[in-house]
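Asker: File follows, coords_24.pdb with PDB, C-alpha atoms:
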ATOM      1  CA  ASP A  30     -22.949  -7.144   3.975  1.00  0.00           C
ATOM      2  CA  GLN A  31     -20.440  -4.316   4.092  1.00  0.00           C
ATOM      3  CA  GLN A  32     -22.200  -1.013   3.474  1.00  0.00           C
ATOM      4  CA  VAL A  33     -18.983   0.993   3.562  1.00  0.00           C
ATOM      5  CA  LYS A  34     -15.834  -0.389   1.954  1.00  0.00           C
ATOM      6  CA  GLN A  35     -12.247   0.698   2.140  1.00  0.00           C
ATOM      7  CA  ASN A  36     -10.482  -1.608  -0.257  1.00  0.00           C
ATOM      8  CA  SER A  37      -6.919  -0.601   0.553  1.00  0.00           C
ATOM      9  CA  PRO A  38      -5.796  -1.974   3.923  1.00  0.00           C
ATOM     10  CA  SER A  39      -2.630   0.105   3.805  1.00  0.00           C
ATOM     11  CA  LEU A  40      -0.988   3.018   2.027  1.00  0.00           C
ATOM     12  CA  SER A  41       2.549   4.342   2.182  1.00  0.00           C
ATOM     13  CA  VAL A  42       3.348   7.933   1.123  1.00  0.00           C
ATOM     14  CA  GLN A  43       6.445  10.103   1.148  1.00  0.00           C
ATOM     15  CA  GLU A  44       6.438  13.071   3.506  1.00  0.00           C
ATOM     16  CA  GLY A  45       5.339  16.235   1.708  1.00  0.00           C
ATOM     17  CA  ARG A  46       3.428  14.371  -1.005  1.00  0.00           C
ATOM     18  CA  ILE A  47      -0.316  13.927  -1.298  1.00  0.00           C
ATOM     19  CA  SER A  48      -2.100  11.040   0.458  1.00  0.00           C
ATOM     20  CA  ILE A  49      -5.353   9.870  -1.088  1.00  0.00           C
ATOM     21  CA  LEU A  50      -7.587   7.493   0.842  1.00  0.00           C
ATOM     22  CA  ASN A  51     -10.619   5.985  -0.828  1.00  0.00           C
ATOM     23  CA  CYS A  52     -14.001   4.736   0.295  1.00  0.00           C
ATOM     24  CA  ASP A  53     -16.998   3.242  -1.504  1.00  0.00           C
ATOM     25  CA  TYR A  54     -20.537   2.877  -0.228  1.00  0.00           C
ATOM     26  CA  THR A  55     -23.454   0.803  -1.388  1.00  0.00           C
ATOM     27  CA  ASN A  56     -26.591   2.858  -0.865  1.00  0.00           C
ATOM     28  CA  SER A  57     -27.285   5.976  -2.911  1.00  0.00           C
ATOM     29  CA  MET A  58     -29.640   7.172  -0.150  1.00  0.00           C
ATOM     30  CA  PHE A  59     -26.747   7.734   2.259  1.00  0.00           C
ATOM     31  CA  ASP A  60     -26.317  11.465   2.671  1.00  0.00           C
ATOM     32  CA  TYR A  61     -23.725  12.256   5.325  1.00  0.00           C
ATOM     33  CA  PHE A  62     -20.151  10.988   5.368  1.00  0.00           C
ATOM     34  CA  LEU A  63     -17.319  11.264   7.858  1.00  0.00           C
ATOM     35  CA  TRP A  64     -13.633  10.469   8.167  1.00  0.00           C
ATOM     36  CA  TYR A  65     -12.049   9.446  11.450  1.00  0.00           C
ATOM     37  CA  LYS A  66      -8.409   9.037  12.361  1.00  0.00           C
ATOM     38  CA  LYS A  67      -7.122   6.508  14.860  1.00  0.00           C
ATOM     39  CA  TYR A  68      -3.753   6.270  16.594  1.00  0.00           C
ATOM     40  CA  PRO A  69      -2.700   3.053  18.372  1.00  0.00           C
ATOM     41  CA  ALA A  70      -4.190   2.575  21.846  1.00  0.00           C
ATOM     42  CA  GLU A  71      -6.572   5.498  21.349  1.00  0.00           C
ATOM     43  CA  GLY A  72     -10.161   5.839  20.220  1.00  0.00           C
ATOM     44  CA  PRO A  73     -10.958   7.189  16.754  1.00  0.00           C
ATOM     45  CA  THR A  74     -11.231  10.965  16.494  1.00  0.00           C
ATOM     46  CA  PHE A  75     -13.380  12.895  14.074  1.00  0.00           C
ATOM     47  CA  LEU A  76     -11.487  14.495  11.211  1.00  0.00           C
ATOM     48  CA  ILE A  77     -13.818  15.910   8.574  1.00  0.00           C
ATOM     49  CA  SER A  78     -17.296  15.350   7.170  1.00  0.00           C
ATOM     50  CA  ILE A  79     -19.338  16.086   4.074  1.00  0.00           C
ATOM     51  CA  SER A  80     -23.015  16.274   3.299  1.00  0.00           C
ATOM     52  CA  SER A  81     -24.393  14.926   0.043  1.00  0.00           C
ATOM     53  CA  ILE A  82     -25.451  18.429  -0.997  1.00  0.00           C
ATOM     54  CA  LYS A  83     -21.747  19.196  -1.481  1.00  0.00           C
ATOM     55  CA  ASP A  84     -19.039  17.548  -3.543  1.00  0.00           C
ATOM     56  CA  LYS A  85     -16.080  18.947  -1.638  1.00  0.00           C
ATOM     57  CA  ASN A  86     -15.234  20.051   1.875  1.00  0.00           C
ATOM     58  CA  GLU A  87     -11.889  21.438   2.912  1.00  0.00           C
ATOM     59  CA  ASP A  88     -10.262  21.917   6.316  1.00  0.00           C
ATOM     60  CA  GLY A  89      -6.629  22.934   6.244  1.00  0.00           C
ATOM     61  CA  ARG A  90      -4.553  20.126   4.777  1.00  0.00           C
ATOM     62  CA  PHE A  91      -7.568  17.820   4.607  1.00  0.00           C
ATOM     63  CA  THR A  92     -10.101  17.753   1.780  1.00  0.00           C
ATOM     64  CA  VAL A  93     -12.918  15.286   1.309  1.00  0.00           C
ATOM     65  CA  PHE A  94     -14.412  14.744  -2.147  1.00  0.00           C
ATOM     66  CA  LEU A  95     -17.768  13.110  -2.765  1.00  0.00           C
ATOM     67  CA  ASN A  96     -18.794  11.538  -6.067  1.00  0.00           C
ATOM     68  CA  LYS A  97     -22.447  10.600  -5.607  1.00  0.00           C
ATOM     69  CA  SER A  98     -22.892   8.998  -9.008  1.00  0.00           C
ATOM     70  CA  ALA A  99     -19.995   6.634  -8.300  1.00  0.00           C
ATOM     71  CA  LYS A 100     -20.910   6.263  -4.612  1.00  0.00           C
ATOM     72  CA  HIS A 101     -17.339   7.080  -3.783  1.00  0.00           C
ATOM     73  CA  LEU A 102     -15.585   9.450  -1.459  1.00  0.00           C
ATOM     74  CA  SER A 103     -11.943  10.220  -0.924  1.00  0.00           C
ATOM     75  CA  LEU A 104      -9.812  12.005   1.618  1.00  0.00           C
ATOM     76  CA  HIS A 105      -6.846  14.018   0.397  1.00  0.00           C
ATOM     77  CA  ILE A 106      -4.085  15.070   2.745  1.00  0.00           C
ATOM     78  CA  VAL A 107      -1.578  17.538   1.382  1.00  0.00           C
ATOM     79  CA  PRO A 108       1.174  17.929   2.260  1.00  0.00           C
ATOM     80  CA  SER A 109       1.443  14.674   4.204  1.00  0.00           C
ATOM     81  CA  GLN A 110       3.290  14.830   7.506  1.00  0.00           C
ATOM     82  CA  PRO A 111       4.744  12.068   9.723  1.00  0.00           C
ATOM     83  CA  GLY A 112       2.056  12.789  12.342  1.00  0.00           C
ATOM     84  CA  ASP A 113      -0.577  11.779   9.798  1.00  0.00           C
ATOM     85  CA  SER A 114       0.520   8.153  10.130  1.00  0.00           C
ATOM     86  CA  ALA A 115      -2.567   6.460  11.559  1.00  0.00           C
ATOM     87  CA  VAL A 116      -5.529   4.307  10.592  1.00  0.00           C
ATOM     88  CA  TYR A 117      -8.224   6.240   8.735  1.00  0.00           C
ATOM     89  CA  PHE A 118     -11.845   5.149   8.840  1.00  0.00           C
ATOM     90  CA  CYS A 119     -14.551   6.231   6.479  1.00  0.00           C
ATOM     91  CA  ALA A 120     -18.088   6.293   7.926  1.00  0.00           C
ATOM     92  CA  VAL A 121     -21.634   6.970   6.811  1.00  0.00           C
ATOM     93  CA  LEU A 122     -24.315   8.394   9.051  1.00  0.00           C
ATOM     94  CA  ILE A 123     -27.641   6.818   8.183  1.00  0.00           C
ATOM     95  CA  GLN A 124     -29.769   9.830   9.044  1.00  0.00           C
ATOM     96  CA  GLY A 125     -33.160   8.277   9.537  1.00  0.00           C
ATOM     97  CA  ALA A 126     -31.852   5.625  11.891  1.00  0.00           C
ATOM     98  CA  GLN A 127     -29.158   7.897  13.369  1.00  0.00           C
ATOM     99  CA  LYS A 128     -26.795   4.984  12.809  1.00  0.00           C
ATOM    100  CA  LEU A 129     -23.057   5.448  12.214  1.00  0.00           C
ATOM    101  CA  VAL A 130     -21.474   2.695  10.116  1.00  0.00           C
ATOM    102  CA  PHE A 131     -17.720   2.419   9.477  1.00  0.00           C
ATOM    103  CA  GLY A 132     -15.484   0.867   6.865  1.00  0.00           C
ATOM    104  CA  GLN A 133     -12.590  -1.467   7.567  1.00  0.00           C
ATOM    105  CA  GLY A 134      -9.981   1.265   7.764  1.00  0.00           C
ATOM    106  CA  THR A 135      -6.783   2.102   5.848  1.00  0.00           C
ATOM    107  CA  ARG A 136      -3.441   2.254   7.609  1.00  0.00           C
ATOM    108  CA  LEU A 137      -1.523   5.281   6.319  1.00  0.00           C
ATOM    109  CA  THR A 138       2.236   5.438   6.803  1.00  0.00           C
ATOM    110  CA  ILE A 139       4.099   8.641   5.999  1.00  0.00           C
ATOM    111  CA  ASN A 140       7.769   8.030   5.296  1.00  0.00           C
ATOM    112  CA  PRO A 141      10.340  10.738   6.040  1.00  0.00           C
TER     113      PRO A 141
ATOM    114  CA  ASP B  16     -12.897  18.617  29.264  1.00  0.00           C
ATOM    115  CA  ALA B  17     -15.775  16.494  27.984  1.00  0.00           C
ATOM    116  CA  ARG B  18     -14.841  12.971  27.045  1.00  0.00           C
ATOM    117  CA  VAL B  19     -16.232   9.448  26.842  1.00  0.00           C
ATOM    118  CA  THR B  20     -14.832   7.277  29.617  1.00  0.00           C
ATOM    119  CA  GLN B  21     -14.524   3.506  29.290  1.00  0.00           C
ATOM    120  CA  THR B  22     -13.568   1.029  31.992  1.00  0.00           C
ATOM    121  CA  PRO B  23     -11.630  -1.136  32.269  1.00  0.00           C
ATOM    122  CA  ARG B  24      -8.964  -0.199  29.712  1.00  0.00           C
ATOM    123  CA  HIS B  25      -7.701  -3.788  29.638  1.00  0.00           C
ATOM    124  CA  LYS B  26      -9.312  -7.056  30.633  1.00  0.00           C
ATOM    125  CA  VAL B  27      -7.904 -10.581  30.513  1.00  0.00           C
ATOM    126  CA  THR B  28     -10.321 -13.328  31.380  1.00  0.00           C
ATOM    127  CA  GLU B  29     -10.726 -17.045  31.015  1.00  0.00           C
ATOM    128  CA  MET B  30     -13.085 -18.595  28.537  1.00  0.00           C
ATOM    129  CA  GLY B  31     -16.547 -19.023  30.020  1.00  0.00           C
ATOM    130  CA  GLN B  32     -16.289 -16.094  32.417  1.00  0.00           C
ATOM    131  CA  GLU B  33     -18.622 -13.095  32.373  1.00  0.00           C
ATOM    132  CA  VAL B  34     -17.191  -9.793  31.194  1.00  0.00           C
ATOM    133  CA  THR B  35     -18.765  -6.391  31.762  1.00  0.00           C
ATOM    134  CA  MET B  36     -17.497  -3.266  30.020  1.00  0.00           C
ATOM    135  CA  ARG B  37     -18.687   0.167  31.114  1.00  0.00           C
ATOM    136  CA  CYS B  38     -19.014   3.482  29.366  1.00  0.00           C
ATOM    137  CA  GLN B  39     -19.768   6.972  30.624  1.00  0.00           C
ATOM    138  CA  PRO B  40     -20.962   9.070  27.667  1.00  0.00           C
ATOM    139  CA  ILE B  41     -20.377  12.797  27.395  1.00  0.00           C
ATOM    140  CA  LEU B  42     -22.838  14.657  29.597  1.00  0.00           C
ATOM    141  CA  GLY B  43     -25.865  15.687  27.588  1.00  0.00           C
ATOM    142  CA  HIS B  44     -25.289  13.290  24.701  1.00  0.00           C
ATOM    143  CA  ASN B  45     -28.326  11.155  24.073  1.00  0.00           C
ATOM    144  CA  THR B  46     -26.970   8.644  21.542  1.00  0.00           C
ATOM    145  CA  VAL B  47     -24.545   5.904  22.567  1.00  0.00           C
ATOM    146  CA  PHE B  48     -22.845   3.421  20.235  1.00  0.00           C
ATOM    147  CA  TRP B  49     -20.897   0.232  20.975  1.00  0.00           C
ATOM    148  CA  TYR B  50     -18.312  -0.884  18.414  1.00  0.00           C
ATOM    149  CA  ARG B  51     -15.838  -3.743  18.200  1.00  0.00           C
ATOM    150  CA  GLN B  52     -12.593  -3.323  16.307  1.00  0.00           C
ATOM    151  CA  THR B  53     -11.355  -6.370  14.451  1.00  0.00           C
ATOM    152  CA  MET B  54      -8.786  -6.754  11.713  1.00  0.00           C
ATOM    153  CA  MET B  55     -11.270  -8.079   9.182  1.00  0.00           C
ATOM    154  CA  GLN B  56     -14.335  -5.963   9.899  1.00  0.00           C
ATOM    155  CA  GLY B  57     -12.796  -2.706  10.985  1.00  0.00           C
ATOM    156  CA  LEU B  58     -15.168  -0.916  13.359  1.00  0.00           C
ATOM    157  CA  GLU B  59     -18.147  -3.198  13.656  1.00  0.00           C
ATOM    158  CA  LEU B  60     -21.334  -1.679  15.120  1.00  0.00           C
ATOM    159  CA  LEU B  61     -22.716  -3.911  17.844  1.00  0.00           C
ATOM    160  CA  ALA B  62     -25.560  -1.810  19.281  1.00  0.00           C
ATOM    161  CA  TYR B  63     -26.705   1.724  19.818  1.00  0.00           C
ATOM    162  CA  PHE B  64     -29.094   3.631  22.034  1.00  0.00           C
ATOM    163  CA  ARG B  65     -30.977   6.876  21.869  1.00  0.00           C
ATOM    164  CA  ASN B  66     -32.370   8.394  25.042  1.00  0.00           C
ATOM    165  CA  ARG B  67     -31.393   5.115  26.763  1.00  0.00           C
ATOM    166  CA  ALA B  68     -33.644   3.044  24.502  1.00  0.00           C
ATOM    167  CA  PRO B  69     -31.992   0.392  22.311  1.00  0.00           C
ATOM    168  CA  LEU B  70     -32.462   1.270  18.637  1.00  0.00           C
ATOM    169  CA  ASP B  71     -30.551  -1.549  17.024  1.00  0.00           C
ATOM    170  CA  ASP B  72     -28.559  -4.426  18.470  1.00  0.00           C
ATOM    171  CA  SER B  73     -28.544  -6.563  15.346  1.00  0.00           C
ATOM    172  CA  GLY B  74     -24.746  -6.509  15.247  1.00  0.00           C
ATOM    173  CA  MET B  75     -24.443  -8.414  18.502  1.00  0.00           C
ATOM    174  CA  PRO B  76     -24.418 -12.187  18.972  1.00  0.00           C
ATOM    175  CA  LYS B  77     -27.680 -12.366  20.913  1.00  0.00           C
ATOM    176  CA  ASP B  78     -26.970 -15.551  22.785  1.00  0.00           C
ATOM    177  CA  ARG B  79     -23.996 -14.178  24.690  1.00  0.00           C
ATOM    178  CA  PHE B  80     -23.923 -10.382  24.358  1.00  0.00           C
ATOM    179  CA  SER B  81     -26.192  -7.853  26.015  1.00  0.00           C
ATOM    180  CA  ALA B  82     -26.135  -4.061  26.122  1.00  0.00           C
ATOM    181  CA  GLU B  83     -27.999  -1.789  28.509  1.00  0.00           C
ATOM    182  CA  MET B  84     -28.199   1.797  29.695  1.00  0.00           C
ATOM    183  CA  PRO B  85     -29.250   1.714  33.332  1.00  0.00           C
ATOM    184  CA  ASP B  86     -29.178   5.512  33.367  1.00  0.00           C
ATOM    185  CA  ALA B  87     -28.089   8.417  31.174  1.00  0.00           C
ATOM    186  CA  THR B  88     -24.543   8.368  32.564  1.00  0.00           C
ATOM    187  CA  LEU B  89     -23.810   4.660  32.168  1.00  0.00           C
ATOM    188  CA  ALA B  90     -23.877   2.182  29.314  1.00  0.00           C
ATOM    189  CA  THR B  91     -22.803  -1.438  29.759  1.00  0.00           C
ATOM    190  CA  LEU B  92     -21.820  -4.227  27.393  1.00  0.00           C
ATOM    191  CA  LYS B  93     -21.827  -7.704  28.857  1.00  0.00           C
ATOM    192  CA  ILE B  94     -20.537 -10.978  27.455  1.00  0.00           C
ATOM    193  CA  GLN B  95     -21.599 -14.182  29.133  1.00  0.00           C
ATOM    194  CA  PRO B  96     -20.029 -16.649  28.599  1.00  0.00           C
ATOM    195  CA  SER B  97     -16.952 -15.168  26.951  1.00  0.00           C
ATOM    196  CA  GLU B  98     -15.078 -17.017  24.199  1.00  0.00           C
ATOM    197  CA  PRO B  99     -11.590 -16.556  22.717  1.00  0.00           C
ATOM    198  CA  ARG B 100     -13.114 -15.180  19.483  1.00  0.00           C
ATOM    199  CA  ASP B 101     -14.499 -12.257  21.506  1.00  0.00           C
ATOM    200  CA  SER B 102     -10.953 -10.969  21.969  1.00  0.00           C
ATOM    201  CA  ALA B 103     -10.923  -7.483  20.439  1.00  0.00           C
ATOM    202  CA  VAL B 104     -10.988  -3.807  21.347  1.00  0.00           C
ATOM    203  CA  TYR B 105     -14.454  -2.584  22.269  1.00  0.00           C
ATOM    204  CA  PHE B 106     -15.258   1.091  21.814  1.00  0.00           C
ATOM    205  CA  CYS B 107     -18.064   3.184  23.141  1.00  0.00           C
ATOM    206  CA  ALA B 108     -19.002   6.445  21.447  1.00  0.00           C
ATOM    207  CA  SER B 109     -21.565   9.122  22.177  1.00  0.00           C
ATOM    208  CA  GLY B 110     -23.109  11.859  20.098  1.00  0.00           C
ATOM    209  CA  SER B 111     -25.808  14.502  19.658  1.00  0.00           C
ATOM    210  CA  ARG B 112     -27.492  16.826  22.062  1.00  0.00           C
ATOM    211  CA  ALA B 113     -31.155  16.433  22.840  1.00  0.00           C
ATOM    212  CA  GLY B 114     -33.165  17.885  20.002  1.00  0.00           C
ATOM    213  CA  ALA B 115     -30.311  17.685  17.522  1.00  0.00           C
ATOM    214  CA  GLY B 116     -29.331  14.905  15.196  1.00  0.00           C
ATOM    215  CA  VAL B 117     -26.019  13.114  15.364  1.00  0.00           C
ATOM    216  CA  THR B 118     -23.401  14.857  13.251  1.00  0.00           C
ATOM    217  CA  GLU B 119     -20.382  13.072  14.667  1.00  0.00           C
ATOM    218  CA  ALA B 120     -19.573  10.666  17.448  1.00  0.00           C
ATOM    219  CA  PHE B 121     -16.947  10.977  20.160  1.00  0.00           C
ATOM    220  CA  PHE B 122     -15.101   7.830  21.106  1.00  0.00           C
ATOM    221  CA  GLY B 123     -13.687   6.530  24.338  1.00  0.00           C
ATOM    222  CA  GLN B 124     -10.238   4.979  24.506  1.00  0.00           C
ATOM    223  CA  GLY B 125     -11.612   1.471  24.307  1.00  0.00           C
ATOM    224  CA  THR B 126     -11.467  -1.706  26.366  1.00  0.00           C
ATOM    225  CA  ARG B 127      -8.974  -4.273  25.118  1.00  0.00           C
ATOM    226  CA  LEU B 128     -10.454  -7.672  25.914  1.00  0.00           C
ATOM    227  CA  THR B 129      -8.415 -10.860  25.830  1.00  0.00           C
ATOM    228  CA  VAL B 130     -10.182 -14.159  26.428  1.00  0.00           C
ATOM    229  CA  VAL B 131      -7.819 -17.074  27.018  1.00  0.00           C
TER     230      VAL B 131
END
Could I get this file's structure written as structure tokens?
Answerer:
Amino acid sequence: DQQVKQNSPSLSVQEGRISILNCDYTNSMFDYFLWYKKYPAEGPTFLISISSIKDKNEDGRFTVFLNKSAKHLSLHIVPSQPGDSAVYFCAVLIQGAQKLVFGQGTRLTINP
Amino acid sequence: DARVTQTPRHKVTEMGQEVTMRCQPILGHNTVFWYRQTMMQGLELLAYFRNRAPLDDSGMPKDRFSAEMPDATLATLKIQPSEPRDSAVYFCASGSRAGAGVTEAFFGQGTRLTVV
């Protein structure tokens, strides 16, 4: 039973354009969400997070949007750069249990 | 430079052999996670610990997998006997300082396991 779903296994975007990665979750009680980025042969690294008390969090070129009614979050990268090519994982931190659960990941490719 | 250290980085073993993967969490972190990366499941949570006590290992096949924290600086994941379907990259991650909740987790570089 997948609690966090990333339905797009891959995404290809032109350099300089906006990349939008999507994530859906199943439980409306989840209240803290994270995005991680992973390069080949490396461990995932934390990118940005958002609490359910907000609907948007911005850090430079990266913005995460949270739509609680739809149980959906998205990561926007603008402008996209070749170094952004990586696998992006969405995750939810289940606060009570202190449990971090990830989605399947989306492979983002930025084309020059 | 605080980081999570995993050993070995690569392991090739024959089916039926025991495999032990080790993880040194970041000093002071009291929550340790074990994940397995597969194509279908993404990052699959196998087990996690807080203050060395197992909180949830429901993601692990119980008959062959075991996870322990002998002390605060070492976490181990053992597979006995190993099977070809166990071939994957196994990640350890640590998070949170004592008294604080987890707000993010820091990952090691992973152990790539191949069972032939």
Asker: Give me, please, the distance in Å between atom CA of B:Arg37 and atom CA of B:Val104, quoted to one decimal.
Answerer: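 That distance, rounded to one decimal, is 13.1 Å.
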Asker: Running the PyMOL selection byres ((chain A and resi 62) around 6) on this model by hand, what would come out? Give it as an mmCIF file with C-alpha atoms, in the frame of the given file.
Answerer:
data_model
loop_
_atom_site.group_PDB
_atom_site.id
_atom_site.type_symbol
_atom_site.label_atom_id
_atom_site.label_comp_id
_atom_site.auth_asym_id
_atom_site.auth_seq_id
_atom_site.Cartn_x
_atom_site.Cartn_y
_atom_site.Cartn_z
ATOM 1 C CA TYR A 61 -23.725 12.256 5.325
ATOM 2 C CA LEU A 63 -17.319 11.264 7.858
ATOM 3 C CA SER A 78 -17.296 15.350 7.170
ATOM 4 C CA ILE A 79 -19.338 16.086 4.074
ATOM 5 C CA ALA A 120 -18.088 6.293 7.926
ATOM 6 C CA VAL A 121 -21.634 6.970 6.811
#
Asker: Taking all atoms listed in the file into account and nothing else, which residues of chain B lie no more than 9 Å away from chain A? Please answer as a list in words.
Answerer: Thr46, Phe48, Gln52, Thr53, Met54, Met55, Gln56, Gly57, Leu58, Glu59, Leu60, Tyr63, Arg65, Leu70, Asp71, Phe106, Cys107, Ala108, Gly116, Val117, Thr118, Glu119, Ala120, Phe121, Phe122, Gly123, Gln124, Gly125 and Arg127 of chain B
Asker: Apply the PyMOL selection byres ((chain B and resi 100) around 10) to the structure shown and report the selected residues as an mmCIF file with C-alpha atoms, in the frame of the given file.
Answerer:
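So the final result, stored in out_10.cif, reads:
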data_model
loop_
_atom_site.group_PDB
_atom_site.id
_atom_site.type_symbol
_atom_site.label_atom_id
_atom_site.label_comp_id
_atom_site.auth_asym_id
_atom_site.auth_seq_id
_atom_site.Cartn_x
_atom_site.Cartn_y
_atom_site.Cartn_z
ATOM 1 C CA MET B 30 -13.085 -18.595 28.537
ATOM 2 C CA SER B 97 -16.952 -15.168 26.951
ATOM 3 C CA GLU B 98 -15.078 -17.017 24.199
ATOM 4 C CA PRO B 99 -11.590 -16.556 22.717
ATOM 5 C CA ASP B 101 -14.499 -12.257 21.506
ATOM 6 C CA SER B 102 -10.953 -10.969 21.969
ATOM 7 C CA ALA B 103 -10.923 -7.483 20.439
ATOM 8 C CA THR B 129 -8.415 -10.860 25.830
ATOM 9 C CA VAL B 130 -10.182 -14.159 26.428
ATOM 10 C CA VAL B 131 -7.819 -17.074 27.018
#
Asker: From the list A:Leu50, A:Leu102, A:Ser37, A:Gln110, which residue is nearest A:Arg90 when using only C-alpha atoms?
Answerer: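 For A:Arg90, the nearest of the given residues is A:Gln110.
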Asker: May I ask which of the residues B:Leu61, B:Leu128, B:Ala68, B:Ile94 is the closest one to B:Arg24, counting all atoms listed in the file?
Answerer: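 With all atoms listed in the file as the atom set, the closest residue is B:Leu128.
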Asker: Apply the PyMOL selection byres ((chain A and resi 46) around 9) to the structure shown and report the selected residues as JSON, numbers by chain.
Answerer: {"A": [42, 43, 44, 45, 47, 48, 106, 107, 108, 109, 110]}
Asker: Report, in Å to a single decimal, how far apart atom CA of B:Val19 and atom CA of B:Asp86 are.
Answerer: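 Computing the Euclidean distance for atom CA of B:Asp86 and atom CA of B:Val19 yields 15.0 Å.
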Asker: At what distance in Å, to one decimal, does atom CA of A:Lys67 lie from atom CA of B:Met36?
Answerer: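 Between atom CA of B:Met36 and atom CA of A:Lys67 the gap works out to 20.8 Å.
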